[in-house]
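Asks: For reference, the file run_18.txt (compact mmCIF, C-alpha atoms) is included below:
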```
# COMPACT_ATOMS: atom_id res chain seq x y z
CA MET O 14 -4.63 10.08 -14.51
CA PHE O 15 -3.92 8.92 -10.94
CA GLY O 16 -2.44 12.02 -9.34
CA ASN O 17 -5.60 13.11 -7.54
CA ILE O 18 -5.94 9.62 -6.06
CA LEU O 19 -2.46 9.82 -4.53
CA ASP O 20 -3.13 13.35 -3.30
CA ARG O 21 -6.31 12.16 -1.60
CA VAL O 22 -4.30 9.72 0.52
CA GLY O 23 -2.17 12.52 1.91
CA GLU O 24 -5.20 14.74 2.47
CA THR O 25 -7.17 12.14 4.44
CA GLY O 26 -4.36 10.24 6.19
CA PRO O 27 -6.17 6.88 6.43
CA LEU O 28 -5.40 4.49 9.28
CA VAL O 29 -4.44 1.05 7.96
CA HIS O 30 -4.50 -2.10 10.09
CA ASN O 31 -1.89 -4.62 8.93
CA ILE O 32 -1.61 -8.25 9.90
CA THR O 33 1.49 -8.81 7.86
CA ASN O 34 4.62 -10.90 7.97
CA TYR O 35 7.46 -10.17 10.36
CA VAL O 36 10.06 -10.23 7.56
CA THR O 37 8.74 -6.98 6.10
CA VAL O 38 6.58 -5.38 8.79
CA ASN O 39 8.87 -2.39 9.36
CA ASP O 40 9.14 -1.61 5.65
CA VAL O 41 5.36 -1.88 5.25
CA ALA O 42 4.87 0.61 8.08
CA ASN O 43 7.40 3.04 6.59
CA ALA O 44 5.89 2.78 3.09
CA ILE O 45 2.44 3.58 4.47
CA LEU O 46 3.85 6.54 6.38
CA ALA O 47 5.71 7.72 3.28
CA ILE O 48 2.47 8.24 1.31
CA GLY O 49 0.84 10.17 4.15
CA ALA O 50 -1.22 7.39 5.71
CA SER O 51 -0.82 5.79 9.15
CA PRO O 52 -0.08 2.13 9.92
CA VAL O 53 -1.06 0.03 12.91
CA MET O 54 0.04 -3.56 13.42
CA ALA O 55 -1.96 -5.94 15.64
CA ASP O 56 -1.88 -9.70 15.19
CA ASP O 57 -3.07 -11.04 18.54
CA PRO O 58 -6.72 -12.08 18.20
CA ARG O 59 -7.56 -10.31 21.48
CA ASP O 60 -6.21 -7.05 20.07
CA ALA O 61 -6.80 -7.31 16.35
CA VAL O 62 -10.61 -7.18 16.34
CA GLU O 63 -10.71 -4.05 18.47
CA ILE O 64 -7.94 -2.34 16.51
CA THR O 65 -9.47 -3.07 13.12
CA ALA O 66 -12.72 -1.40 14.19
CA ILE O 67 -10.98 1.99 14.47
CA CYS O 68 -9.20 1.67 11.12
CA GLY O 69 -10.52 2.28 7.63
CA GLY O 70 -9.27 -1.02 6.32
CA ILE O 71 -7.13 -4.07 6.90
CA ASN O 72 -4.24 -5.59 4.96
CA LEU O 73 -4.02 -9.37 5.43
CA ASN O 74 -0.65 -10.83 4.44
CA ILE O 75 -0.02 -14.57 4.89
CA GLY O 76 3.77 -14.41 4.50
CA THR O 77 4.66 -15.81 7.95
CA LEU O 78 1.69 -17.72 9.30
CA ASN O 79 1.11 -19.17 12.74
CA LYS O 80 -1.98 -20.32 14.64
CA ARG O 81 -2.37 -16.96 16.36
CA SER O 82 -2.10 -14.84 13.23
CA ILE O 83 -4.46 -17.09 11.26
CA LYS O 84 -7.10 -16.74 13.97
CA ALA O 85 -6.51 -12.97 14.08
CA MET O 86 -6.87 -12.66 10.31
CA HIS O 87 -10.21 -14.43 10.31
CA ARG O 88 -11.61 -12.57 13.29
CA ALA O 89 -10.35 -9.12 12.32
CA GLY O 90 -11.20 -9.67 8.67
CA MET O 91 -14.73 -10.68 9.60
CA ARG O 92 -15.12 -7.60 11.79
CA ALA O 93 -13.82 -5.33 9.04
CA SER O 94 -16.21 -6.96 6.57
CA GLU O 95 -19.14 -6.42 8.97
CA LEU O 96 -18.23 -2.73 9.27
CA GLY O 97 -17.92 -2.29 5.50
CA HIS O 98 -14.22 -1.50 5.76
CA VAL O 99 -11.63 -2.21 3.09
CA VAL O 100 -10.24 -5.75 3.29
CA LEU O 101 -7.22 -6.62 1.12
CA LEU O 102 -5.73 -10.11 0.89
CA ASP O 103 -2.09 -10.66 -0.04
CA PRO O 104 -1.75 -14.46 -0.49
CA VAL O 105 2.04 -14.57 -0.16
CA GLY O 106 3.39 -17.94 -1.22
CA ALA O 107 -0.01 -19.56 -1.72
CA GLY O 108 0.77 -22.84 -3.45
CA ALA O 109 4.11 -23.26 -1.69
CA SER O 110 2.66 -25.16 1.27
CA ALA O 111 -0.64 -26.62 2.37
CA ILE O 112 -1.14 -24.20 5.26
CA ARG O 113 -0.58 -21.14 3.05
CA THR O 114 -2.94 -22.44 0.38
CA GLU O 115 -5.63 -23.47 2.86
CA THR O 116 -5.45 -20.15 4.72
CA ALA O 117 -5.57 -18.03 1.58
CA VAL O 118 -8.50 -19.98 0.11
CA SER O 119 -10.38 -19.87 3.42
CA LEU O 120 -9.96 -16.08 3.72
CA LEU O 121 -11.10 -15.66 0.12
CA GLU O 122 -14.20 -17.74 0.75
CA LYS O 123 -15.21 -16.41 4.17
CA LEU O 124 -14.45 -12.69 3.99
CA HIS O 125 -15.91 -9.92 1.88
CA LEU O 126 -12.70 -8.93 0.14
CA THR O 127 -12.35 -5.52 -1.42
CA ALA O 128 -9.20 -6.56 -3.27
CA VAL O 129 -6.68 -9.34 -3.79
CA ARG O 130 -3.07 -8.44 -4.60
CA GLY O 131 -0.65 -11.17 -5.61
CA ASN O 132 1.53 -12.58 -8.34
CA MET O 133 0.02 -14.77 -11.04
CA SER O 134 1.05 -18.06 -9.39
CA GLU O 135 -0.63 -17.04 -6.14
CA VAL O 136 -3.80 -15.95 -7.90
CA LYS O 137 -3.95 -19.17 -9.92
CA THR O 138 -3.61 -21.08 -6.66
CA LEU O 139 -6.58 -19.17 -5.23
CA ALA O 140 -8.56 -19.91 -8.35
CA SER O 141 -7.88 -23.65 -8.33
CA GLY O 142 -7.19 -24.38 -4.68
CA SER O 143 -3.71 -25.70 -5.49
CA GLY O 144 -0.63 -24.56 -7.34
CA THR O 145 3.12 -24.13 -7.42
CA THR O 146 5.35 -21.20 -6.61
CA LYS O 147 9.08 -20.63 -6.33
CA GLY O 148 9.05 -20.02 -2.59
CA VAL O 149 7.10 -16.78 -2.36
CA ASP O 150 7.84 -15.81 -5.98
CA ALA O 151 5.81 -16.55 -9.08
CA ASP O 152 6.62 -19.60 -11.13
CA VAL O 153 8.30 -18.38 -14.32
CA ALA O 154 5.71 -20.31 -16.33
CA ASP O 155 2.98 -18.08 -14.88
CA ALA O 156 4.61 -14.73 -15.72
CA VAL O 157 2.45 -12.24 -17.60
CA THR O 158 4.14 -11.44 -20.91
CA ASP O 159 3.17 -9.66 -24.10
CA GLU O 160 2.73 -13.08 -25.70
CA ASN O 161 0.12 -14.25 -23.17
CA LEU O 162 -1.29 -10.84 -22.25
CA GLU O 163 -4.71 -11.39 -23.77
CA THR O 164 -5.31 -14.69 -21.99
CA SER O 165 -3.88 -13.32 -18.73
CA VAL O 166 -6.24 -10.33 -18.84
CA GLU O 167 -9.21 -12.62 -19.45
CA PHE O 168 -8.19 -14.92 -16.58
CA ALA O 169 -7.86 -11.93 -14.23
CA LYS O 170 -11.27 -10.58 -15.26
CA ILE O 171 -12.93 -13.96 -14.72
CA PHE O 172 -11.35 -14.28 -11.25
CA ALA O 173 -12.52 -10.80 -10.23
CA ARG O 174 -16.06 -11.45 -11.46
CA GLU O 175 -16.37 -14.87 -9.85
CA HIS O 176 -15.12 -13.67 -6.48
CA LYS O 177 -16.72 -10.22 -6.63
CA THR O 178 -13.46 -8.49 -5.78
CA LEU O 179 -10.91 -6.19 -7.31
CA LEU O 180 -7.75 -7.96 -8.39
CA ALA O 181 -4.18 -6.76 -8.86
CA VAL O 182 -1.85 -9.29 -10.48
CA THR O 183 1.68 -7.94 -10.15
CA GLY O 184 4.88 -8.82 -11.96
CA ALA O 185 6.87 -7.47 -14.89
CA ILE O 186 3.49 -6.47 -16.35
CA ASP O 187 0.77 -5.62 -13.83
CA LEU O 188 -2.95 -6.21 -14.29
CA VAL O 189 -5.66 -4.46 -12.26
CA THR O 190 -9.29 -5.36 -12.88
CA ASP O 191 -12.81 -5.30 -11.51
CA GLY O 192 -13.93 -8.05 -13.88
CA GLU O 193 -15.00 -5.67 -16.64
CA LYS O 194 -12.17 -3.20 -17.19
CA CYS O 195 -8.49 -4.04 -16.86
CA SER O 196 -5.55 -1.67 -16.49
CA VAL O 197 -2.27 -2.97 -17.90
CA ILE O 198 0.55 -1.19 -16.06
CA ARG O 199 4.19 -1.30 -17.12
CA ASN O 200 5.98 0.59 -14.37
CA GLY O 201 8.72 -0.77 -12.12
CA ARG O 202 12.21 -2.22 -12.29
CA ALA O 203 13.28 -5.85 -12.48
CA GLU O 204 15.76 -5.09 -9.66
CA MET O 205 12.82 -4.65 -7.27
CA GLY O 206 12.73 -8.45 -7.15
CA ARG O 207 16.08 -8.33 -5.31
CA VAL O 208 14.54 -6.35 -2.46
CA THR O 209 12.50 -8.19 0.16
CA GLY O 210 9.08 -6.71 0.76
CA THR O 211 8.18 -4.56 -2.23
CA GLY O 212 5.03 -6.61 -2.78
CA CYS O 213 4.16 -6.41 0.92
CA GLN O 214 4.69 -2.64 0.83
CA LEU O 215 2.42 -2.41 -2.19
CA SER O 216 -0.35 -4.27 -0.37
CA GLY O 217 -0.06 -1.87 2.55
CA ILE O 218 -0.18 1.29 0.45
CA ALA O 219 -2.91 -0.19 -1.77
CA THR O 220 -5.10 -0.61 1.30
CA ALA O 221 -4.52 3.07 2.12
CA PHE O 222 -5.36 4.11 -1.46
CA LEU O 223 -8.59 2.10 -1.32
CA ILE O 224 -9.65 3.60 2.02
CA ALA O 225 -8.96 7.15 0.84
CA ASN O 226 -10.82 6.77 -2.46
CA PRO O 227 -14.09 4.95 -1.73
CA ASP O 228 -15.84 6.24 -4.85
CA ASN O 229 -13.28 5.01 -7.39
CA ARG O 230 -11.61 1.95 -5.93
CA LEU O 231 -10.63 0.34 -9.22
CA GLU O 232 -8.64 3.43 -10.14
CA ALA O 233 -7.28 3.61 -6.58
CA LEU O 234 -5.88 0.08 -6.80
CA ALA O 235 -4.34 0.78 -10.21
CA ALA O 236 -2.87 4.03 -8.88
CA ALA O 237 -1.25 2.19 -5.97
CA VAL O 238 0.32 -0.35 -8.33
CA ALA O 239 1.66 2.42 -10.57
CA THR O 240 2.92 4.34 -7.53
CA MET O 241 4.99 1.42 -6.28
CA GLY O 242 6.46 0.75 -9.72
CA ILE O 243 7.37 4.40 -10.22
CA ALA O 244 8.98 4.54 -6.76
CA GLY O 245 11.15 1.65 -7.89
CA GLU O 246 12.09 3.48 -11.09
CA ILE O 247 12.96 6.68 -9.24
CA GLY O 248 14.82 4.83 -6.52
CA TRP O 249 16.89 2.91 -9.06
CA SER O 250 17.73 6.10 -10.98
CA ARG O 251 19.34 7.46 -7.80
CA GLN O 252 21.61 4.47 -7.18
CA LEU O 253 25.30 5.31 -7.03
CA GLU O 254 28.39 3.21 -7.68
CA GLY O 255 28.71 0.74 -4.86
CA ASP O 256 25.03 0.87 -3.89
CA GLY O 257 23.25 -2.45 -3.55
CA ASN O 258 19.85 -3.80 -2.69
CA ALA O 259 19.88 -2.45 0.88
CA THR O 260 20.34 1.10 -0.39
CA PHE O 261 17.80 0.50 -3.13
CA ALA O 262 15.23 -0.59 -0.53
CA LYS O 263 15.64 2.72 1.30
CA ARG O 264 15.55 4.70 -1.92
CA ILE O 265 12.19 3.15 -2.84
CA ILE O 266 10.63 4.38 0.40
CA ASP O 267 12.26 7.80 -0.05
CA ALA O 268 10.78 7.95 -3.54
CA LEU O 269 7.33 7.15 -2.14
CA TYR O 270 7.77 9.96 0.36
CA HIS O 271 8.59 12.55 -2.28
CA LEU O 272 6.23 11.37 -5.03
CA ASP O 273 3.50 13.84 -5.95
CA GLY O 274 0.42 13.60 -8.11
CA ALA O 275 1.92 15.44 -11.06
CA THR O 276 4.92 13.11 -11.19
CA LEU O 277 2.69 10.07 -10.86
CA ASP O 278 0.59 11.22 -13.82
CA ARG O 279 3.67 11.99 -15.91
CA MET O 280 5.43 8.67 -15.28
CA THR O 281 2.51 6.22 -15.28
CA ARG O 282 2.54 3.81 -18.22
CA CYS O 283 -0.93 2.32 -18.38
CA GLU O 284 -3.32 1.07 -21.02
CA GLU O 285 -6.88 -0.19 -20.69
CA ARG O 286 -8.05 -3.58 -21.94
```
What do you get writing this file as structure tokens?

Replies:
Amino acid sequence: MFGNILDRVGETGPLVHNITNYVTVNDVANAILAIGASPVMADDPRDAVEITAICGGINLNIGTLNKRSIKAMHRAGMRASELGHVVLLDPVGAGASAIRTETAVSLLEKLHLTAVRGNMSEVKTLASGSGTTKGVDADVADAVTDENLETSVEFAKIFAREHKTLLAVTGAIDLVTDGEKCSVIRNGRAEMGRVTGTGCQLSGIATAFLIANPDNRLEALAAAVATMGIAGEIGWSRQLEGDGNATFAKRIIDALYHLDGATLDRMTRCEER
């Protein structure tokens, strides 16, 4: 199903520019390296525009904003859009504060986004211009469940159509859509929520998947989401007595490193809506 998409990342080794948050920047870099791509981090406006021009795409993560990084995101994102490069927005914590919400909405409106990757609370904030989150986590009332799956899929499709972008809504149940088709993905472990940065890592590797697979980007985004969930499953299966979330974090990246296309196809749990 998705194995050839993962294999393509390793074969092409895409260069991914990340303006991401300093809480998770090292883990994002290691996750990108683990799948066979290459990361570069540049968040000074004087550097970011030039760097993004030599990359295949940019991952914009608003997790730890400041005046410099906001300016860099707009300038580098605009340059990437002009060049036709992949631009992914990760609206971390949109809805938690005015500056996060304003920045995320502004990037959505001004850039030509290839994809948006966030939890349901963040995406609802983008859709309405305001919202609530639990810090950087989704409000429990917004969680995608089997009971609200149909309405959640329709909301995601409408968002993707209106903003002309791919959308990945991640949580216990993941949704990936281009506005017409929607993949419902059920990989991952609840314990991944106890590890800082798994969402940020997903945004980084998703950008690499999108760069490496320009002819089937919807499938590439879904493959990235499944890949991260499966890495969590494999990593958790290797936990030993006494291991905690720090060990689990490392095991997730190790699982990404060793994951191959055949295993990805075998373990992916995905249905189309």

Asks: Show which residues sit within 7 Å of Leu73 (chain O), as a list in words. Count all atoms listed in the file, and ignore same-chain residues fewer than 2 positions away.

Replies: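 Within the cut-off, the hits are Asn31, Ile32, Thr33, Ile71, Ile75, Met86, Leu101, Leu102 and Asp103 of chain O.
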
Asks: List the spatial neighbours of region 183-198 of chain O as an MDAnalysis selection string - criterion: any atom at most 9 Å away, only C-alpha atoms, same-chain residues fewer than 4 positions off excluded.

Replies: chainID O and resid 130:133 151 156:159 162 165:167 169:175 177:179 202:203 212 231:232 234:235 238:239 242 281:286

Asks: For the residues in the current selection, export C-alpha atoms as a CSV table (one decimal), in the frame of the given file.

Replies:
```
chain,number,residue,atom,x,y,z
O,130,ARG,CA,-3.1,-8.4,-4.6
O,131,GLY,CA,-0.6,-11.2,-5.6
O,132,ASN,CA,1.5,-12.6,-8.3
O,133,MET,CA,0.0,-14.8,-11.0
O,151,ALA,CA,5.8,-16.6,-9.1
O,156,ALA,CA,4.6,-14.7,-15.7
O,157,VAL,CA,2.4,-12.2,-17.6
O,158,THR,CA,4.1,-11.4,-20.9
O,159,ASP,CA,3.2,-9.7,-24.1
O,162,LEU,CA,-1.3,-10.8,-22.2
O,165,SER,CA,-3.9,-13.3,-18.7
O,166,VAL,CA,-6.2,-10.3,-18.8
O,167,GLU,CA,-9.2,-12.6,-19.4
O,169,ALA,CA,-7.9,-11.9,-14.2
O,170,LYS,CA,-11.3,-10.6,-15.3
O,171,ILE,CA,-12.9,-14.0,-14.7
O,172,PHE,CA,-11.4,-14.3,-11.2
O,173,ALA,CA,-12.5,-10.8,-10.2
O,174,ARG,CA,-16.1,-11.4,-11.5
O,175,GLU,CA,-16.4,-14.9,-9.8
O,177,LYS,CA,-16.7,-10.2,-6.6
O,178,THR,CA,-13.5,-8.5,-5.8
O,179,LEU,CA,-10.9,-6.2,-7.3
O,202,ARG,CA,12.2,-2.2,-12.3
O,203,ALA,CA,13.3,-5.8,-12.5
O,212,GLY,CA,5.0,-6.6,-2.8
O,231,LEU,CA,-10.6,0.3,-9.2
O,232,GLU,CA,-8.6,3.4,-10.1
O,234,LEU,CA,-5.9,0.1,-6.8
O,235,ALA,CA,-4.3,0.8,-10.2
O,238,VAL,CA,0.3,-0.4,-8.3
O,239,ALA,CA,1.7,2.4,-10.6
O,242,GLY,CA,6.5,0.8,-9.7
O,281,THR,CA,2.5,6.2,-15.3
O,282,ARG,CA,2.5,3.8,-18.2
O,283,CYS,CA,-0.9,2.3,-18.4
O,284,GLU,CA,-3.3,1.1,-21.0
O,285,GLU,CA,-6.9,-0.2,-20.7
O,286,ARG,CA,-8.0,-3.6,-21.9
```

Asks: Excluding Thr138 (chain O) and its own-chain neighbours fewer than 3 positions away, which residues fall within 12 Å of it when counting only C-alpha atoms? Please give them as a ChimeraX atom specification.

Replies: /O:104-111,113-118,121,131-135,141-146,151-152,155,172

Asks: Determine, counting only C-alpha atoms, every residue of protein, DNA or RNA that lies within 10 Å of (-3.6, 10.3, 1.8) in the file coordinates, then give the result as a list in words.

Replies: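 All residues meeting the 10 Å criterion around (-3.6, 10.3, 1.8) are Asn17, Ile18, Leu19, Asp20, Arg21, Val22, Gly23, Glu24, Thr25, Gly26, Pro27, Leu28, Ile45, Leu46, Ala47, Ile48, Gly49, Ala50, Ser51, Ile218, Ala221, Phe222, Ile224, Ala225 and Asn226 of chain O.
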
Asks: What lies within 12 Å of Ile67 (chain O) using all atoms listed in the file, ignoring chain neighbours under 6 positions off, as a ChimeraX atom specification?

Replies: /O:27-30,52-53,60-61,89,92-93,96,98

Asks: Using all atoms listed in the file, which of the listed residues (O:Pro58, O:Asn258, O:Ala236, O:Gly245) sits closest to Leu277 (chain O)?

Replies: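 Selected residue with least distance to Leu277 (chain O): O:Ala236.
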
Asks: Pick the closest to Leu78 (chain O) from O:Asn229, O:Gly97, O:Val41, O:Asn34: which is it, counting only C-alpha atoms?

Replies: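 Going through O:Asn229, O:Gly97, O:Val41, O:Asn34 one by one, the smallest distance to Leu78 (chain O) is for O:Asn34.
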
Asks: Using all atoms listed in the file, which of O:Leu215, O:Leu180, O:Ala128, O:Val100 sits nearest Ala42 (chain O)?

Replies: O:Leu215

Asks: Any idea what the distance is between CA of Gly206 (chain O) and CA of Ala268 (chain O)?

Replies: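 Taking CA of Gly206 (chain O) and CA of Ala268 (chain O), their separation equals 16.9 Å.
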
Asks: Work out how far apart CA of Met205 (chain O) and CA of Phe261 (chain O) are and give it in Å to one decimal.

Replies: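 Between CA of Met205 (chain O) and CA of Phe261 (chain O) the gap works out to 8.3 Å.
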
Asks: Have a look at CA of Ser94 (chain O) and CA of Val62 (chain O) and let me know their distance in Å, one decimal.

Replies: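 Going from CA of Ser94 (chain O) over to CA of Val62 (chain O), I get 11.3 Å.
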
Asks: Give me the box for region 92-96 of chain O as AutoDock Vina command-line options, namely the centre and edge lengths in Å to one decimal of a box along x, y and z that holds every listed atom plus 8 Å on each side.

Replies:
```
--center_x -16.5 --center_y -5.2 --center_z 9.2 --size_x 21.3 --size_y 20.9 --size_z 21.2
```

Asks: Using all atoms listed in the file for the distances, tell me which of O:Asn72, O:Val38, O:Gly217, O:Gly201 is nearest to Ile265 (chain O).

Replies: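 Comparing O:Asn72, O:Val38, O:Gly217, O:Gly201 against Ile265 (chain O), the winner is O:Gly201.
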
Asks: If you count all atoms listed in the file, which residues fall within 10 Å of Lys123 (chain O), apart from same-chain ones fewer than 3 positions away, as a PyMOL selection string?

Replies: chain O and resi 87+90-91+94+118-120+126

Asks: Place a sphere of radius 6 Å on (-0.8, 9.6, -16.4) in the file coordinates and name every protein, DNA or RNA residue with an atom inside or on its surface, counting only C-alpha atoms; give the answer as a PyMOL selection string.

Replies: chain O and resi 14+278-279+281
